[in-house]
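Engineer: My structure is stored as input.txt, with compact mmCIF, C-alpha atoms.
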```txt
# COMPACT_ATOMS: atom_id res chain seq x y z
CA SER A 1134 0.00 0.00 0.00
CA CYS A 1135 1.19 3.53 -0.78
CA ASN A 1136 -1.06 5.17 1.77
CA ASP A 1137 1.63 5.82 4.34
CA PRO A 1138 4.27 7.09 1.85
CA CYS A 1139 1.66 9.26 0.13
CA ARG A 1140 0.46 10.63 3.44
CA ARG A 1141 4.05 11.34 4.46
CA PHE A 1142 4.65 13.07 1.10
CA ARG A 1143 1.58 15.28 1.53
CA LYS A 1144 2.69 16.24 5.06
CA TRP A 1145 6.19 16.94 3.80
CA ARG A 1146 4.84 19.07 0.91
CA PHE A 1147 2.53 21.01 3.27
CA GLY A 1148 5.42 21.59 5.67
CA MET A 1149 7.68 22.81 2.87
CA LEU A 1150 4.93 25.13 1.60
CA SER A 1151 4.51 26.57 5.11
CA MET A 1152 8.25 27.14 5.36
CA VAL A 1153 8.31 28.85 1.95
CA ILE A 1154 5.48 31.17 3.04
CA LEU A 1155 7.24 31.86 6.34
CA PHE A 1156 10.56 32.66 4.66
CA ALA A 1157 8.81 34.82 2.05
CA THR A 1158 7.05 36.75 4.82
CA LEU A 1159 10.29 37.16 6.75
CA GLY A 1160 12.05 38.23 3.57
CA ALA A 1161 9.43 40.87 2.82
CA THR A 1162 9.58 42.11 6.41
CA CYS A 1163 13.38 42.32 6.30
CA ALA A 1164 13.23 44.13 2.95
CA ARG A 1165 10.79 46.69 4.36
CA GLU A 1166 12.94 47.16 7.44
CA ARG A 1167 16.04 47.60 5.27
CA VAL A 1168 14.28 50.25 3.16
CA GLY A 1169 13.14 51.94 6.37
CA ILE A 1170 16.66 51.96 7.80
CA GLU A 1171 18.06 53.43 4.58
CA ALA A 1172 15.40 56.18 4.55
CA PHE A 1173 16.08 56.87 8.24
CA GLY A 1174 19.80 57.25 7.52
CA ARG A 1175 19.07 59.71 4.72
CA GLY A 1176 16.83 61.68 7.05
CA LYS A 1177 19.55 61.95 9.69
CA ALA A 1178 22.08 63.18 7.11
CA GLN A 1179 19.61 65.68 5.66
CA PHE A 1180 18.73 66.97 9.13
CA ALA A 1181 22.43 67.43 9.96
CA ALA A 1182 22.79 69.48 6.77
CA GLY A 1183 19.78 71.63 7.70
CA ASP A 1184 17.69 70.34 4.80
CA PHE A 1185 14.52 69.94 6.86
CA VAL A 1186 12.13 69.53 3.93
CA ALA A 1187 14.06 66.54 2.59
CA ALA A 1188 14.54 65.16 6.12
CA VAL A 1189 10.79 65.21 6.77
CA SER A 1190 10.19 63.30 3.53
CA SER A 1191 12.81 60.67 4.41
CA PHE A 1192 11.61 60.19 7.99
CA ARG A 1193 8.00 59.84 6.80
CA GLU A 1194 9.09 57.18 4.29
CA ALA A 1195 11.05 55.40 7.03
CA ALA A 1196 8.04 55.49 9.37
CA VAL A 1197 5.80 53.85 6.75
CA GLU A 1198 8.31 51.04 6.16
CA MET A 1199 8.94 50.51 9.90
CA GLN A 1200 5.20 50.24 10.49
CA LYS A 1201 4.79 47.69 7.67
CA ALA A 1202 7.69 45.69 9.11
CA GLY A 1203 6.11 45.72 12.57
CA ASP A 1204 9.23 47.32 14.11
CA ARG A 1205 7.68 49.26 17.00
CA LYS A 1206 10.93 50.56 18.45
CA GLY A 1207 12.19 51.58 14.99
CA LEU A 1208 8.89 53.33 14.30
CA ALA A 1209 8.97 55.21 17.62
CA THR A 1210 12.59 56.27 17.02
CA THR A 1211 11.72 57.46 13.51
CA LEU A 1212 8.73 59.44 14.76
CA TYR A 1213 10.91 61.01 17.46
CA ASN A 1214 13.36 62.20 14.78
CA LEU A 1215 10.50 63.43 12.59
CA ALA A 1216 9.17 65.48 15.52
CA THR A 1217 12.69 66.82 16.15
CA THR A 1218 12.82 67.98 12.53
CA TYR A 1219 9.43 69.69 12.74
CA HIS A 1220 10.57 71.40 15.95
CA ALA A 1221 13.80 72.62 14.32
CA ALA A 1222 11.75 73.99 11.41
CA GLY A 1223 9.41 75.82 13.79
CA GLN A 1224 6.44 73.58 12.95
CA TYR A 1225 5.39 73.09 16.58
CA ARG A 1226 1.83 71.87 15.94
CA LEU A 1227 3.09 69.09 13.67
CA ALA A 1228 5.81 68.24 16.19
CA PHE A 1229 3.17 67.79 18.91
CA GLU A 1230 1.03 65.57 16.68
CA VAL A 1231 3.95 63.30 15.82
CA LEU A 1232 5.12 63.15 19.44
CA ASP A 1233 1.67 61.94 20.52
CA GLN A 1234 2.02 59.05 18.06
CA ALA A 1235 5.63 58.42 19.08
CA ALA A 1236 4.69 58.19 22.77
CA LEU A 1237 2.01 55.57 22.13
CA VAL A 1238 4.28 53.48 19.92
CA GLY A 1239 7.19 53.91 22.35
CA ILE A 1240 5.11 52.66 25.28
CA ASP A 1241 3.98 49.71 23.15
CA SER A 1242 7.62 48.89 22.32
CA GLY A 1243 8.48 48.70 26.03
CA ASP A 1244 11.54 50.96 25.68
CA LYS A 1245 11.31 53.25 28.71
CA GLY A 1246 14.42 55.18 27.75
CA LEU A 1247 12.95 56.09 24.38
CA VAL A 1248 9.68 57.12 26.02
CA GLY A 1249 11.66 59.38 28.35
CA LYS A 1250 13.30 61.08 25.36
CA ILE A 1251 9.92 61.59 23.72
CA VAL A 1252 8.43 63.11 26.89
CA ALA A 1253 11.45 65.42 27.31
CA LEU A 1254 11.21 66.56 23.67
CA ARG A 1255 7.53 67.32 24.16
CA GLY A 1256 8.53 69.62 27.01
CA THR A 1257 11.10 71.35 24.79
CA VAL A 1258 8.57 71.90 22.00
CA ALA A 1259 6.07 73.21 24.53
CA THR A 1260 8.69 75.70 25.77
CA PHE A 1261 9.15 77.19 22.31
CA SER A 1262 5.42 77.16 21.56
CA ARG A 1263 4.78 79.01 24.83
CA LYS A 1264 2.81 76.26 26.55
CA ALA A 1265 4.63 76.85 29.82
CA GLU A 1266 2.58 74.61 32.13
CA GLU A 1267 2.74 71.62 29.81
CA ALA A 1268 6.43 72.32 29.14
CA GLU A 1269 7.42 72.26 32.79
CA GLU A 1270 5.42 69.11 33.51
CA SER A 1271 6.93 67.25 30.55
CA LEU A 1272 10.50 68.41 31.20
CA VAL A 1273 10.35 67.45 34.87
CA ALA A 1274 8.99 64.02 33.83
CA GLY A 1275 11.85 63.72 31.34
CA ILE A 1276 14.42 64.58 34.01
CA GLU A 1277 12.91 62.02 36.38
CA ALA A 1278 12.87 59.31 33.68
CA ALA A 1279 16.49 59.99 32.70
CA THR A 1280 17.58 59.99 36.35
CA ALA A 1281 15.79 56.70 37.06
CA ARG A 1282 17.47 55.01 34.10
CA GLY A 1283 20.86 56.57 34.69
CA ASP A 1284 20.80 58.05 31.17
CA ARG A 1285 23.22 60.94 31.67
CA LYS A 1286 23.08 62.16 28.07
CA LEU A 1287 19.31 62.47 28.14
CA LEU A 1288 19.52 64.04 31.58
CA ALA A 1289 21.98 66.67 30.32
CA SER A 1290 19.65 67.60 27.45
CA ALA A 1291 16.55 67.67 29.66
CA ARG A 1292 18.32 69.80 32.29
CA HIS A 1293 19.37 72.29 29.60
CA ASP A 1294 15.86 72.56 28.15
CA TYR A 1295 14.39 72.97 31.64
CA ALA A 1296 16.87 75.76 32.33
CA VAL A 1297 15.80 77.54 29.13
CA LEU A 1298 12.18 77.36 30.31
CA LEU A 1299 13.07 78.71 33.77
CA ALA A 1300 15.12 81.53 32.26
CA GLY A 1301 12.19 82.51 30.05
CA GLN A 1302 10.03 82.73 33.18
CA GLY A 1303 12.57 85.01 34.86
CA ARG A 1304 13.52 82.37 37.48
CA ILE A 1305 17.19 83.25 37.17
CA GLY A 1306 18.53 81.44 40.25
CA GLU A 1307 16.81 78.14 39.43
CA ALA A 1308 17.76 78.45 35.76
CA ALA A 1309 21.42 79.11 36.59
CA GLU A 1310 21.52 75.99 38.75
CA SER A 1311 19.93 73.84 36.03
CA PHE A 1312 22.30 75.26 33.40
CA SER A 1313 25.28 74.42 35.62
CA ARG A 1314 24.11 70.85 36.16
CA ALA A 1315 23.47 70.43 32.43
CA GLU A 1316 26.91 71.83 31.63
CA ALA A 1317 28.65 69.44 34.04
CA LEU A 1318 26.81 66.47 32.52
CA ALA A 1319 27.54 67.65 28.96
CA ILE A 1320 31.27 67.92 29.71
CA ASP A 1321 31.26 64.53 31.46
CA GLN A 1322 29.54 62.88 28.48
CA GLY A 1323 31.58 64.67 25.81
CA LEU A 1324 28.53 66.52 24.43
CA VAL A 1325 30.37 69.52 22.98
CA GLU A 1326 27.42 70.87 21.01
CA LEU A 1327 25.17 70.77 24.06
CA GLY A 1328 27.91 72.42 26.12
CA ALA A 1329 28.04 75.25 23.57
CA LYS A 1330 24.26 75.65 23.70
CA VAL A 1331 24.32 75.74 27.52
CA ALA A 1332 26.84 78.60 27.50
CA LEU A 1333 24.97 80.38 24.71
CA ASN A 1334 21.53 80.24 26.36
CA ARG A 1335 22.90 81.07 29.80
CA ALA A 1336 24.53 84.13 28.25
CA PHE A 1337 21.17 85.19 26.80
CA MET A 1338 19.60 84.71 30.23
CA TYR A 1339 22.10 87.05 31.90
CA LEU A 1340 21.90 89.53 29.03
CA ASN A 1341 18.12 89.67 29.22
CA ALA A 1342 18.37 90.13 32.98
CA ALA A 1343 20.77 93.05 32.45
CA ALA A 1344 18.55 94.59 29.76
CA SER A 1345 15.50 94.37 32.04
CA TYR A 1346 17.49 95.92 34.89
CA ILE A 1347 18.62 98.79 32.66
CA GLU A 1348 15.05 99.34 31.44
CA ASP A 1349 13.74 99.40 35.01
CA GLU A 1350 16.28 102.11 35.80
CA GLY A 1351 15.04 104.22 32.90
CA GLY A 1352 17.90 103.39 30.55
CA VAL A 1353 21.50 104.52 30.41
CA SER A 1354 21.82 108.21 31.17
CA GLU A 1355 24.04 110.75 32.85
CA GLU A 1356 22.20 110.02 36.10
CA TRP A 1357 22.64 106.23 35.91
CA ASP A 1358 25.39 104.16 34.31
CA PRO A 1359 25.26 100.34 34.54
CA ARG A 1360 29.05 100.31 34.96
CA LEU A 1361 28.52 101.69 38.45
CA ASP A 1362 25.85 99.14 39.39
CA ASP A 1363 27.17 95.85 40.78
CA VAL A 1364 24.08 93.79 39.86
CA CYS A 1365 23.92 94.95 36.24
CA GLN A 1366 27.68 94.74 35.86
CA GLY A 1367 27.62 91.17 37.16
CA HIS A 1368 24.96 90.14 34.64
CA LEU A 1369 26.83 91.71 31.72
CA LYS A 1370 30.16 90.17 32.77
CA ALA A 1371 28.55 86.73 33.05
CA ALA A 1372 26.89 87.15 29.64
CA MET A 1373 30.14 88.12 27.93
CA SER A 1374 32.07 85.33 29.64
CA ASP A 1375 29.54 82.70 28.56
CA ARG A 1376 29.48 84.14 25.05
CA ALA A 1377 33.26 83.60 24.78
CA VAL A 1378 32.90 80.03 26.10
CA ALA A 1379 30.12 79.30 23.57
CA ARG A 1380 32.30 80.63 20.74
CA ALA A 1381 35.26 78.46 21.77
CA ARG A 1382 33.08 75.35 22.01
CA ALA A 1383 31.38 76.11 18.69
CA ASP A 1384 34.76 76.40 16.96
CA SER A 1385 35.59 72.84 18.06
CA LEU A 1386 32.39 71.35 16.60
CA PRO A 1387 32.51 69.28 13.39
CA GLU A 1388 31.01 70.87 10.29
CA SER A 1389 27.24 70.42 10.26
CA PHE A 1390 24.07 72.52 10.36
CA SER A 1391 24.45 72.92 14.14
CA LYS A 1392 27.85 74.64 14.12
CA PRO A 1393 26.92 77.76 12.10
CA MET A 1394 23.64 78.06 14.02
CA VAL A 1395 25.52 78.18 17.34
CA LEU A 1396 27.93 80.75 15.88
CA LEU A 1397 24.95 82.84 14.74
CA GLY A 1398 23.66 82.72 18.32
CA VAL A 1399 27.03 84.00 19.53
CA GLY A 1400 26.85 86.89 17.06
CA ASP A 1401 23.26 87.67 18.05
CA GLY A 1402 24.35 87.92 21.66
CA TYR A 1403 27.08 90.43 20.92
CA GLN A 1404 24.62 92.57 18.96
CA ALA A 1405 22.11 92.38 21.80
CA VAL A 1406 24.71 93.72 24.23
CA GLY A 1407 25.10 96.76 22.00
CA ARG A 1408 21.35 97.35 22.00
CA THR A 1409 21.28 97.69 25.78
CA GLY A 1410 23.05 101.03 25.34
CA THR A 1411 25.77 100.18 27.83
CA THR A 1412 29.37 101.26 27.40
CA PHE A 1413 30.55 98.68 29.92
CA VAL A 1414 31.85 96.41 27.15
CA THR A 1415 33.29 97.50 23.84
CA GLY A 1416 33.95 95.84 20.54
CA PHE A 1417 30.71 93.85 20.51
CA ALA A 1418 29.84 94.98 16.94
CA GLU A 1419 33.18 93.68 15.65
CA LYS A 1420 32.83 90.45 17.63
CA GLY A 1421 29.32 89.95 16.26
CA PHE A 1422 30.56 90.51 12.71
CA THR A 1423 33.38 88.00 13.24
CA ALA A 1424 30.94 85.39 14.58
CA TYR A 1425 28.57 85.89 11.64
CA ARG A 1426 31.44 85.57 9.15
CA ALA A 1427 32.59 82.38 10.87
CA ALA A 1428 29.02 81.05 10.69
CA LEU A 1429 28.88 81.77 6.95
CA GLN A 1430 32.18 80.02 6.30
CA SER A 1431 31.06 76.98 8.31
CA ALA A 1432 27.67 76.89 6.56
CA ARG A 1433 29.36 76.94 3.17
CA ARG A 1434 31.68 74.10 4.12
CA SER A 1435 28.70 71.95 5.11
CA ASP A 1436 26.64 73.30 2.15
CA SER A 1437 23.63 74.00 4.36
CA PRO A 1438 21.33 76.41 2.50
CA SER A 1439 19.35 77.30 5.64
CA ALA A 1440 22.49 78.17 7.61
CA ILE A 1441 23.99 80.05 4.64
CA SER A 1442 20.75 82.02 4.34
CA TYR A 1443 20.67 83.05 7.99
CA SER A 1444 24.37 83.94 7.99
CA LEU A 1445 24.06 86.18 4.92
CA GLY A 1446 20.90 87.76 6.31
CA ARG A 1447 22.50 88.56 9.65
CA LEU A 1448 25.47 90.16 7.89
CA GLY A 1449 23.04 92.14 5.77
CA GLU A 1450 21.37 93.40 8.93
CA LEU A 1451 24.73 94.54 10.33
CA TYR A 1452 25.51 96.49 7.15
CA LYS A 1453 22.05 98.05 7.26
CA GLU A 1454 22.66 99.25 10.83
CA ALA A 1455 25.95 100.74 9.63
CA SER A 1456 24.01 102.55 6.83
CA ARG A 1457 25.95 100.64 4.16
CA PHE A 1458 22.74 100.00 2.27
CA ASP A 1459 24.05 98.73 -1.07
CA GLU A 1460 26.07 95.99 0.62
CA ALA A 1461 23.19 95.24 2.99
CA LEU A 1462 20.81 94.84 0.06
CA ALA A 1463 23.18 92.58 -1.88
CA LEU A 1464 23.74 90.30 1.12
CA THR A 1465 20.03 90.12 1.99
CA ARG A 1466 19.10 89.25 -1.59
CA ARG A 1467 21.63 86.43 -1.52
CA ALA A 1468 20.09 85.32 1.80
CA ARG A 1469 16.67 85.28 0.11
CA ALA A 1470 18.01 83.13 -2.74
CA GLU A 1471 19.41 80.60 -0.26
CA ALA A 1472 16.11 80.58 1.63
CA GLU A 1473 14.38 79.66 -1.63
CA ARG A 1474 16.92 76.87 -2.18
CA ALA A 1475 16.25 75.62 1.37
CA GLN A 1476 12.47 75.92 0.85
CA SER A 1477 12.28 77.84 4.14
CA PRO A 1478 9.19 80.10 4.17
CA ASP A 1479 10.12 81.61 7.56
CA ALA A 1480 13.54 82.75 6.35
CA LEU A 1481 12.08 83.93 3.04
CA PHE A 1482 9.54 86.12 4.86
CA GLN A 1483 12.28 87.51 7.11
CA TRP A 1484 14.56 88.54 4.23
CA GLU A 1485 11.76 89.99 2.12
CA TRP A 1486 10.89 92.17 5.10
CA GLN A 1487 14.53 93.16 5.59
CA ILE A 1488 14.87 94.06 1.90
CA GLY A 1489 11.83 96.31 2.29
CA ARG A 1490 13.36 98.07 5.29
CA ILE A 1491 16.66 98.62 3.46
CA LEU A 1492 14.88 100.03 0.43
CA ALA A 1493 12.80 102.29 2.68
CA ALA A 1494 15.99 103.55 4.35
CA GLN A 1495 17.28 104.43 0.86
CA GLY A 1496 14.10 106.40 0.18
CA LYS A 1497 12.84 103.85 -2.37
CA ASN A 1498 9.38 103.63 -0.84
CA GLU A 1499 7.53 102.17 -3.82
CA ALA A 1500 10.06 99.33 -4.18
CA ALA A 1501 9.96 98.81 -0.40
CA LEU A 1502 6.17 98.37 -0.47
CA GLY A 1503 6.55 95.75 -3.17
CA SER A 1504 8.95 93.79 -0.98
CA TYR A 1505 6.73 94.05 2.09
```
Show the structure stored in the file as structure tokens.
Structural biologist:
Amino acid sequence: SCNDPCRRFRKWRFGMLSMVILFATLGATCARERVGIEAFGRGKAQFAAGDFVAAVSSFREAAVEMQKAGDRKGLATTLYNLATTYHAAGQYRLAFEVLDQAALVGIDSGDKGLVGKIVALRGTVATFSRKAEEAEESLVAGIEAATARGDRKLLASARHDYAVLLAGQGRIGEAAESFSRAEALAIDQGLVELGAKVALNRAFMYLNAAASYIEDEGGVSEEWDPRLDDVCQGHLKAAMSDRAVARARADSLPESFSKPMVLLGVGDGYQAVGRTGTTFVTGFAEKGFTAYRAALQSARRSDSPSAISYSLGRLGELYKEASRFDEALALTRRARAEAERAQSPDALFQWEWQIGRILAAQGKNEAALGSY
């Protein structure tokens, strides 16, 4: 009888068919995951170059492939990076929406460290979108999660963002303490970029404190000079010291979108000191110009159109303030062209407005109205 051999053959054939289906499914899953990983890598490179439009497209592609592959942790990580890109581009509403998805997927993946990063980023986005109560709650939760897991890099970042929030609320003492703790962690973990941002934002905190103090005193006048006031002098000294530290740390950063943006922040700080009207420090205009030039050179080396645009625009603003209108106009028009290349509507609006102001200062009112 062939019953037993035939039965065994049918079982063998069914088993082989099941294995073929299994391997085909696994192959398709692996292929999707591979495509997702490649898209994720492109997104990271595009983000580092400041090409946020392309980065968003790549991260969205990666998210679709990670979801098809059933990779929950990969999907949550991709969504986190997509939200980071939206935040960097100033698209806070979209960042919130993506973070809500990322949190749910992150919890489902069981990765508590990733969930902590997502919560902390939500606090950072809330800070910039002026949702102070939600920001503080999320940042404190992020600090607690990072502390519980012993994640010192996440803790450094969360401490810095919390300090920025506190500084914005005028809680100078608490902010200074959080900045110091973030700085110590950044140095310990070798986070040079974060260390530069700590010094930069702490400098802005002290500068804003000095500016508020000067305003409360009715401004610089013959009756009151901030050089003779210990509190105001202390704030300005601290701001200038941190500005120098931020510049030194920025110079040591590798070429990427972040380096010129930190250098632009350094230049902005020097210009802000000049606007306080104090004569306590000198040479801030020259130092600001030097920082903006360094930012432009760095942006060109990394070929980041957004950073090139902002660097040219800032230089154009300096020339405008010096009443060198032809040079200011040429630089700002180049900034506008780079903003178009970067597909950055915020920068484009800013430089169109600046072109209008330069033309108005030249008495070309009709042309200025066209730019506005």
Engineer: What is the atom CA of A:Ala1377-atom CA of A:Arg1292 distance in Å, reported with one decimal?
Structural biologist: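 These atoms are spaced 21.7 Å apart.
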Engineer: What does the distance between atom CA of A:Gln1234 and atom CA of A:Ala1187 come to in Å, to one decimal place?
Structural biologist: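 Atom CA of A:Gln1234 sits 21.0 Å away from atom CA of A:Ala1187.
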Engineer: Would you give the centre and edge lengths, in Å to one decimal, of a box along x, y and z around the listed atoms of stretch 1218-1228 of chain A, with 4 Å added to each side, as JSON?
Structural biologist:
```
{"center_x": 7.8, "center_y": 71.9, "center_z": 14.0, "size_x": 20.0, "size_y": 15.8, "size_z": 13.2}
```
Engineer: Point out the residue among A:Arg1304, A:Arg1314, A:Arg1226, A:His1368 with the least atom-to-atom distance to A:Phe1337, counting all atoms listed in the file.
Structural biologist: A:His1368
Engineer: Just the residues within 12 Å of A:Ala1461, please, counting only C-alpha atoms, with nothing from its chain fewer than 3 positions along; format it as a list in words.
Structural biologist: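 The contact residues come out as Leu1445, Gly1446, Arg1447, Leu1448, Gly1449, Glu1450, Leu1451, Tyr1452, Lys1453, Glu1454, Ala1455, Ser1456, Arg1457, Phe1458, Leu1464, Thr1465, Arg1466, Arg1467, Ala1468, Trp1484, Gln1487, Ile1488, Gly1489, Arg1490, Ile1491, Leu1492, Ala1494 and Gln1495 of chain A.
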Engineer: How far is it from atom CA of A:Gly1183 to atom CA of A:Arg1376, in Å with one decimal?
Structural biologist: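 Computed distance, atom CA of A:Gly1183 to atom CA of A:Arg1376, equals 23.5 Å.
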Engineer: For a cutoff of 9 Å around the file-coordinate point (14.9, 60.8, 10.6), which residues qualify once you count all atoms listed in the file? I'd like the result as a PyMOL selection string.
Structural biologist: chain A and resi 1172-1180+1188-1193+1195-1196+1210-1218
Engineer: My list of candidates is A:Ala1181, A:Phe1422, A:Thr1260, A:Gly1243. Which is closest to A:Pro1387 when distances are computed with only C-alpha atoms?
Structural biologist: A:Ala1181
Engineer: Excluding stretch 1244-1249 of chain A and any residue of its chain fewer than 6 positions from it, enumerate the residues within 8 Å of it, using only C-alpha atoms, and give them as a PDB file with C-alpha atoms, in the frame of the given file.
Structural biologist:
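Final output, out_30.pdb:
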```
ATOM      1  CA  LYS A1206      10.930  50.560  18.450  1.00  0.00           C
ATOM      2  CA  ALA A1209       8.970  55.210  17.620  1.00  0.00           C
ATOM      3  CA  THR A1210      12.590  56.270  17.020  1.00  0.00           C
ATOM      4  CA  ALA A1236       4.690  58.190  22.770  1.00  0.00           C
ATOM      5  CA  ALA A1274       8.990  64.020  33.830  1.00  0.00           C
ATOM      6  CA  GLY A1275      11.850  63.720  31.340  1.00  0.00           C
ATOM      7  CA  ALA A1278      12.870  59.310  33.680  1.00  0.00           C
ATOM      8  CA  ALA A1279      16.490  59.990  32.700  1.00  0.00           C
ATOM      9  CA  ARG A1282      17.470  55.010  34.100  1.00  0.00           C
ATOM     10  CA  ASP A1284      20.800  58.050  31.170  1.00  0.00           C
TER      11      ASP A1284
END
```
Engineer: May I have the protein, DNA and RNA residues with any atom at most 9 Å from the point (24.0, 73.0, 3.8), counting all atoms listed in the file, written as a PyMOL selection string?
Structural biologist: chain A and resi 1179+1181-1184+1389-1390+1432-1441+1475
Engineer: Could you check which of A:Leu1462, A:Val1168, A:Ala1289, A:Ala1372 is closest to A:Gln1322, using only C-alpha atoms?
Structural biologist: A:Ala1289
Engineer: Go through A:Glu1326, A:Glu1348, A:Glu1277, A:Glu1419 and flag the residue nearest A:Pro1393, using all atoms listed in the file for the distances.
Structural biologist: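 The answer is A:Glu1326, which sits nearest to A:Pro1393.
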Engineer: Skip A:Ser1313 itself and residues of its chain fewer than 2 positions away, then list as a PyMOL selection string all residues within 12 Å of it, counting all atoms listed in the file.
Structural biologist: chain A and resi 1289+1292-1293+1295-1297+1306-1311+1315-1320+1328+1331-1332+1334-1335+1375
Engineer: Measuring atom to atom with all atoms listed in the file, identify which of A:Ala1222, A:Ile1240, A:Ala1500, A:Val1395 is nearest to A:Leu1333.
Structural biologist: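 With all atoms listed in the file as the atom set, the closest residue is A:Val1395.
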Engineer: I'd like the contact shell of A:Lys1392 - 9 Å cut-off, only C-alpha atoms, skipping same-chain residues fewer than 4 positions apart - returned as a PyMOL selection string.
Structural biologist: chain A and resi 1326+1383-1388+1396-1397+1428+1431-1432
Engineer: Kindly export the residues of the current selection with C-alpha atoms, as a PDB file, in the coordinates of the input.
Structural biologist:
```pdb
ATOM      1  CA  GLU A1326      27.420  70.870  21.010  1.00  0.00           C
ATOM      2  CA  ALA A1383      31.380  76.110  18.690  1.00  0.00           C
ATOM      3  CA  ASP A1384      34.760  76.400  16.960  1.00  0.00           C
ATOM      4  CA  SER A1385      35.590  72.840  18.060  1.00  0.00           C
ATOM      5  CA  LEU A1386      32.390  71.350  16.600  1.00  0.00           C
ATOM      6  CA  PRO A1387      32.510  69.280  13.390  1.00  0.00           C
ATOM      7  CA  GLU A1388      31.010  70.870  10.290  1.00  0.00           C
ATOM      8  CA  LEU A1396      27.930  80.750  15.880  1.00  0.00           C
ATOM      9  CA  LEU A1397      24.950  82.840  14.740  1.00  0.00           C
ATOM     10  CA  ALA A1428      29.020  81.050  10.690  1.00  0.00           C
ATOM     11  CA  SER A1431      31.060  76.980   8.310  1.00  0.00           C
ATOM     12  CA  ALA A1432      27.670  76.890   6.560  1.00  0.00           C
TER      13      ALA A1432
END
```
